[in-house]
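In what follows, a single structure is set out as structure tokens and then discussed.
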Amino acid sequence: MNNNINRVVIAGGGTAGWMAAGLLSKILGRVLDITLIESDQIGTVGVGEATIPPLVTYLRLLQIKEQDFMAATQGTFKLGISFENWKDVNERYIHSFGTTGTDHWSAGFQHFWLKDRERGSSVSYGDYCLELVAAQQSKFAHLPKQGLNYAFHIDATLFAAFLRNYSEKLGVRRVEGKIVDVNTNSETGHVESLRLDSAELIEGDLFIDCTGFRGLLIEQTLKTGYEDWTHWLPCDSAMALQTESMIEAIPYTRAIAHSAGWQWRIPLQHRVGNGLVYCNDYMSDEEAREYLLKNVVGGHLTEPRVLKFKAGRRRKNWNKNVVALGLASGFVEPLESTSIHLIQQGMIRLLQLFPHDGIKQTDIDEYNEQSRIEIEYIRDFIVMHYKVTNRQDTPFWQHCRNLEISDTLAHRIQLFRETGRVCRAREDLFQENSWVQVMMGQGITPAQYHPVTNVMTENELTQFMRKIRERVAATVAKLPNHETYVKQYCPSPD
């Protein structure tokens with residue numbers, strides 16, 4: 001029996017399906033037969049429009065010109081996320097990309113800042129971060145040697161269309177239709193074929209499930225199971241709305257906390273993506289609709305639509321000969337814009353472990369373990385935004401302050417609170433600077449700093465801190481306005 005994997009079938013399009021098709025066709029398209037099934041009658045979620053810097057790598061892997069991608073997706077640049085009303089009402093901080101200050105190998109820059117603060121300095125931690133200061137001043141440009149870390153705001157629907165065009169040129173076959181039946185092998189339980197509403201039968205050796213929350217293959221067919229995280233992440237609903245662009249596009253996402261969750265604002269070239277994430281136990285759908293409509297700017301381009309979700313993960317992202325991507329694999333709310341990244345990582349992981357000469361349980365186990373570790377670290381980072389807060393003004397925020405959190409997150413918070421240290425695991429998506437920015441932004445001030453800071457004299461520390469600030473300020477001063485740069489660099493075809 002020939003066990004070679006020659007035919008890959010992607011069930012579902014959207015961002016997940018076409019990101020999978022794009023990477024698979026670019027890397028292995030010459031040795032695989034790749035088919036993607038999608039139906040124009042089935043809508044996609046299409047609200048995840050904010051990204052993080054690894055998407056830059058994805059474009060490079062596909063050898064896609066950034067300007068073409070941004071023009072096609074009506075994109076703008078992103079330097080971080082502004083968290084408003086999270087620490088407390090009317091307080092704000094930015095979680096930016098890149099690094100802050102200059103680390104010593106034995107201790108992060110936050111220790112030097114804490115020492116400087118103890119002796120009377122009132123300079124904000126963010127003033128030592130190039131990306132953060134540029135975001136505050138709404139400036140952007142590409143710098144030599146990737147000197148400015150950035151991501152994108154994009155129209156996810158246009159991104160899928162862009163990748164479809166890219167993938168089909170590389171030989172991916174798109175089949176229009178609804179999947180009405182999933183046929184499995186009676187002995188192995190592996191999926192053998194998908195029958196469409198047209199009666200066409202699509203056979204394959206490996207199937208990628210991009211069918212969204214329903215998980216047609218991974219869950220409805222293979223009964224893989226789902227690990228519920230709502231006891232950590234109580235929000236279970238979202239409402240999305242697109243509005244006209246009325247003000248200048250800023251180079252950061254806004255995440256604005258409200259009485260029972262948070263609101264996003266994502267500026268594109270042609271419109272603004274808005275949405276409300278909330279917990280139905282504390283806010284009804286009608287209340288959410290009323291709140292969202294009162295808190296958007298510009299004419300409405302769409303009607304608000306409600307999305308229901310359950311935070312958690314599929315117990316196995318790879319089961320038998322089915323790999324789940326995107327919403328089919330699980331869901332962590334998009335507070336830190338990780339949804340598209342998880343699709344990207346899922347595909348990179350699959351390509352690294354690709355079962356060319358037959359599916360092996362060892363590959364499946366390795367894939368699932370790496371996936372589990374990655375998403376659990378992301379989950380903890382998201383939970384921290386809710387747990388570490390001074391807010392007690394509503395029942396929702398009182399509930400969040402009292403959350404029972406994982407042992408790993410509890411340890412990280414306590415370690416930072418007592419020592420200012422962030423001991424980051426290799427598998428953790430978020431760098432030390434991200435943990436520092438969010439923990440301090442949410443209200444934690446470490447009780448001590450590392451003794452290496454005492455090696456500097458008072459004057460040396462003063463000069464060290466001043467030079468970093470001046471270097472950041474001088475660089476930002478030379479940057480052009482963000483919207484001006486976008487219009488020159490990647491103007492929308494419209």
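We name chains A, B, ... following the order of the structure tokens; residues begin at 1 in each chain, and ligands are numbered from 1 as shown.
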Strand (DSSP E or B) call set, DSSP backbone run, stretch 177-377 of chain A, as a ChimeraX atom specification: /A:179-184,191-196,201-203,206-209,226-228,237-244,253-258,261-267,271-278,300,305-308,312-314,318-319,322-324,330-331
Here is a test: counting only C-alpha atoms, which residue of A:Arg195, A:His231, A:Arg254, A:Lys360 is nearest to A:Ile94?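 Nearest candidate to A:Ile94 out of A:Arg195, A:His231, A:Arg254, A:Lys360: A:Arg254.
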Which neighbours of A:Ser259 fall inside 10 Å, counting only C-alpha atoms, when residues of the same chain fewer than 5 positions from it are skipped, and could you give them as a PyMOL selection string? chain A and resi 85+89+278-279+282-283+391-397
Show which residues sit within 10 Å of A:Ser406, as a count of residues only. Count only C-alpha atoms, and ignore same-chain residues fewer than 6 positions away. 5
For stretch 130-138 of chain A, please output as JSON, numbers by chain all residues within 12 Å (counting only C-alpha atoms; exclusion window: fewer than 4 positions along the same chain). {"A": [76, 77, 78, 79, 80, 81, 82, 92, 93, 94, 95, 96, 97, 98, 99, 100, 101, 102, 124, 125, 126, 142, 143, 146, 147, 148, 149, 150, 151, 248, 249, 250, 251, 252, 253, 254, 433, 434, 437, 468, 469, 470, 471, 472, 473, 474, 475, 476, 477, 478, 479, 480, 481, 482, 483, 484, 485, 486]}
I need the residues from that last selection saved to file as a JSON list (two decimals), in the first residue's frame (with C-alpha atoms), if you can.
[["chain", "number", "residue", "atom", "x", "y", "z"],
["A", 76, "THR", "CA", -1.57, 50.41, 7.24],
["A", 77, "PHE", "CA", 1.37, 49.88, 9.58],
["A", 78, "LYS", "CA", 1.15, 48.86, 13.21],
["A", 79, "LEU", "CA", 3.73, 49.58, 15.94],
["A", 80, "GLY", "CA", 1.79, 48.23, 18.91],
["A", 81, "ILE", "CA", -1.50, 48.28, 20.80],
["A", 82, "SER", "CA", -2.89, 51.07, 22.94],
["A", 92, "ARG", "CA", -3.63, 54.20, 29.15],
["A", 93, "TYR", "CA", -0.42, 52.50, 28.09],
["A", 94, "ILE", "CA", 1.00, 51.14, 24.84],
["A", 95, "HIS", "CA", 2.31, 47.62, 24.36],
["A", 96, "SER", "CA", 4.73, 48.25, 21.53],
["A", 97, "PHE", "CA", 6.85, 46.02, 19.33],
["A", 98, "GLY", "CA", 10.63, 45.94, 19.51],
["A", 99, "THR", "CA", 12.73, 46.50, 22.61],
["A", 100, "THR", "CA", 12.94, 49.18, 25.26],
["A", 101, "GLY", "CA", 16.31, 50.64, 26.20],
["A", 102, "THR", "CA", 19.46, 48.53, 26.29],
["A", 124, "SER", "CA", 8.23, 57.14, 31.40],
["A", 125, "TYR", "CA", 9.50, 53.65, 30.60],
["A", 126, "GLY", "CA", 8.04, 54.06, 27.12],
["A", 142, "HIS", "CA", 11.23, 51.65, 7.12],
["A", 143, "LEU", "CA", 14.66, 51.97, 8.73],
["A", 146, "GLN", "CA", 15.02, 46.47, 10.25],
["A", 147, "GLY", "CA", 15.54, 49.23, 12.78],
["A", 148, "LEU", "CA", 11.81, 49.68, 13.39],
["A", 149, "ASN", "CA", 9.74, 46.62, 14.30],
["A", 150, "TYR", "CA", 6.27, 46.64, 12.80],
["A", 151, "ALA", "CA", 3.23, 44.66, 11.75],
["A", 248, "GLU", "CA", -5.98, 60.08, 10.11],
["A", 249, "ALA", "CA", -4.94, 56.43, 10.28],
["A", 250, "ILE", "CA", -2.73, 55.91, 13.32],
["A", 251, "PRO", "CA", 0.04, 53.26, 13.44],
["A", 252, "TYR", "CA", -1.37, 51.26, 16.32],
["A", 253, "THR", "CA", -4.44, 49.27, 17.30],
["A", 254, "ARG", "CA", -6.71, 50.57, 20.04],
["A", 433, "ASN", "CA", 9.84, 43.46, 26.76],
["A", 434, "SER", "CA", 6.21, 42.54, 26.07],
["A", 437, "GLN", "CA", 5.33, 46.59, 29.23],
["A", 468, "ILE", "CA", 19.03, 56.15, 24.97],
["A", 469, "ARG", "CA", 16.28, 58.78, 25.23],
["A", 470, "GLU", "CA", 18.12, 61.13, 22.92],
["A", 471, "ARG", "CA", 18.75, 58.41, 20.36],
["A", 472, "VAL", "CA", 15.05, 57.47, 20.33],
["A", 473, "ALA", "CA", 13.91, 61.10, 20.12],
["A", 474, "ALA", "CA", 16.35, 61.92, 17.33],
["A", 475, "THR", "CA", 15.28, 58.92, 15.25],
["A", 476, "VAL", "CA", 11.56, 59.64, 15.68],
["A", 477, "ALA", "CA", 12.09, 63.30, 14.79],
["A", 478, "LYS", "CA", 13.32, 62.24, 11.34],
["A", 479, "LEU", "CA", 10.39, 59.92, 10.64],
["A", 480, "PRO", "CA", 7.55, 61.11, 8.39],
["A", 481, "ASN", "CA", 3.89, 61.12, 9.33],
["A", 482, "HIS", "CA", 2.45, 57.60, 9.18],
["A", 483, "GLU", "CA", -0.49, 58.31, 6.86],
["A", 484, "THR", "CA", 1.69, 60.38, 4.55],
["A", 485, "TYR", "CA", 4.18, 57.51, 4.33],
["A", 486, "VAL", "CA", 1.44, 54.94, 3.61]]
What are the closest atom pairs, with distances in Å to one decimal, for each residue of stretch 63-85 of chain A lying within 8 Å of stretch 160-170 of chain A, using only C-alpha atoms, rows by chain and rising residue number, as CSV?
residue,atom,partner,partner_atom,distance
A:Phe69,CA,A:Phe162,CA,7.5
A:Ala72,CA,A:Phe162,CA,6.7
A:Thr73,CA,A:Phe162,CA,7.6
Counting only C-alpha atoms, the option among A:Ile405, A:Gly312, A:Arg421, A:Asn280 closest to A:Ile375: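 Counting only C-alpha atoms, the residue closest to A:Ile375 is A:Gly312.
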Could you jot down the atom CA of A:Asn459 to atom CA of A:Gly420 separation for me, Å, one decimal place? 23.1 Å
A:Glu374 environment, 8 Å, only C-alpha atoms, sequence neighbours closer than 2 positions dropped, as number ranges by chain: A: 370-372, 376-378, 427-429
Fewer than 5 positions away in the same chain doesn't count, so skip those; otherwise give me all residues within 10 Å of A:Pro355, counting only C-alpha atoms, as a PyMOL selection string. chain A and resi 3-6+206+321+350+360+363-364
Determine the nearest neighbour of A:Phe416 from the options A:Thr211, A:Gln41, A:Gln110, A:Ser492, counting only C-alpha atoms.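 That would be A:Gln110, the residue with the smallest distance to A:Phe416.
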One decimal, Å: what's the distance from atom CA of A:Cys490 over to atom CA of A:Gln74, could you say? 8.5 Å
Could you work out how far atom CA of A:Trp262 lies from atom CA of A:Ile382, giving the answer in Å with one decimal?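 Those two atoms sit 12.5 Å apart.
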To test your reading of the structure, identify every residue in stretch 1-91 of chain A that backbone DSSP assigns to helix (DSSP H, G or I), and report it as a ChimeraX atom specification. /A:14-28,54-61,66-72
For the residues selected in the previous step, produce a file with C-alpha atoms as a CSV table (one decimal), in the first residue's frame.
chain,number,residue,atom,x,y,z
A,14,GLY,CA,-10.9,32.5,4.3
A,15,THR,CA,-7.7,33.7,5.9
A,16,ALA,CA,-6.7,30.3,7.3
A,17,GLY,CA,-7.4,28.3,4.1
A,18,TRP,CA,-5.6,30.6,1.8
A,19,MET,CA,-2.7,31.2,4.1
A,20,ALA,CA,-2.2,27.4,4.2
A,21,ALA,CA,-2.5,27.2,0.4
A,22,GLY,CA,-0.1,30.0,-0.1
A,23,LEU,CA,2.7,28.6,2.0
A,24,LEU,CA,2.1,25.0,1.0
A,25,SER,CA,2.1,25.8,-2.7
A,26,LYS,CA,5.2,28.0,-2.4
A,27,ILE,CA,7.3,25.4,-0.5
A,28,LEU,CA,5.9,22.0,-1.7
A,54,PRO,CA,6.0,37.6,12.3
A,55,LEU,CA,3.6,38.2,9.4
A,56,VAL,CA,6.6,40.1,7.8
A,57,THR,CA,8.4,36.8,7.8
A,58,TYR,CA,5.4,35.1,6.2
A,59,LEU,CA,5.5,37.5,3.3
A,60,ARG,CA,9.2,37.0,2.9
A,61,LEU,CA,8.8,33.2,2.8
A,66,GLU,CA,5.2,44.2,0.8
A,67,GLN,CA,3.9,47.1,-1.2
A,68,ASP,CA,1.8,44.9,-3.4
A,69,PHE,CA,0.4,43.1,-0.3
A,70,MET,CA,-0.4,46.4,1.5
A,71,ALA,CA,-2.0,48.0,-1.5
A,72,ALA,CA,-4.2,44.9,-2.1
I'd like to know which of A:Leu196, A:Trp229, A:Lys223, A:Glu369 is closest to A:Glu176, using only C-alpha atoms.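 So, comparing all the options, the nearest one is A:Leu196.
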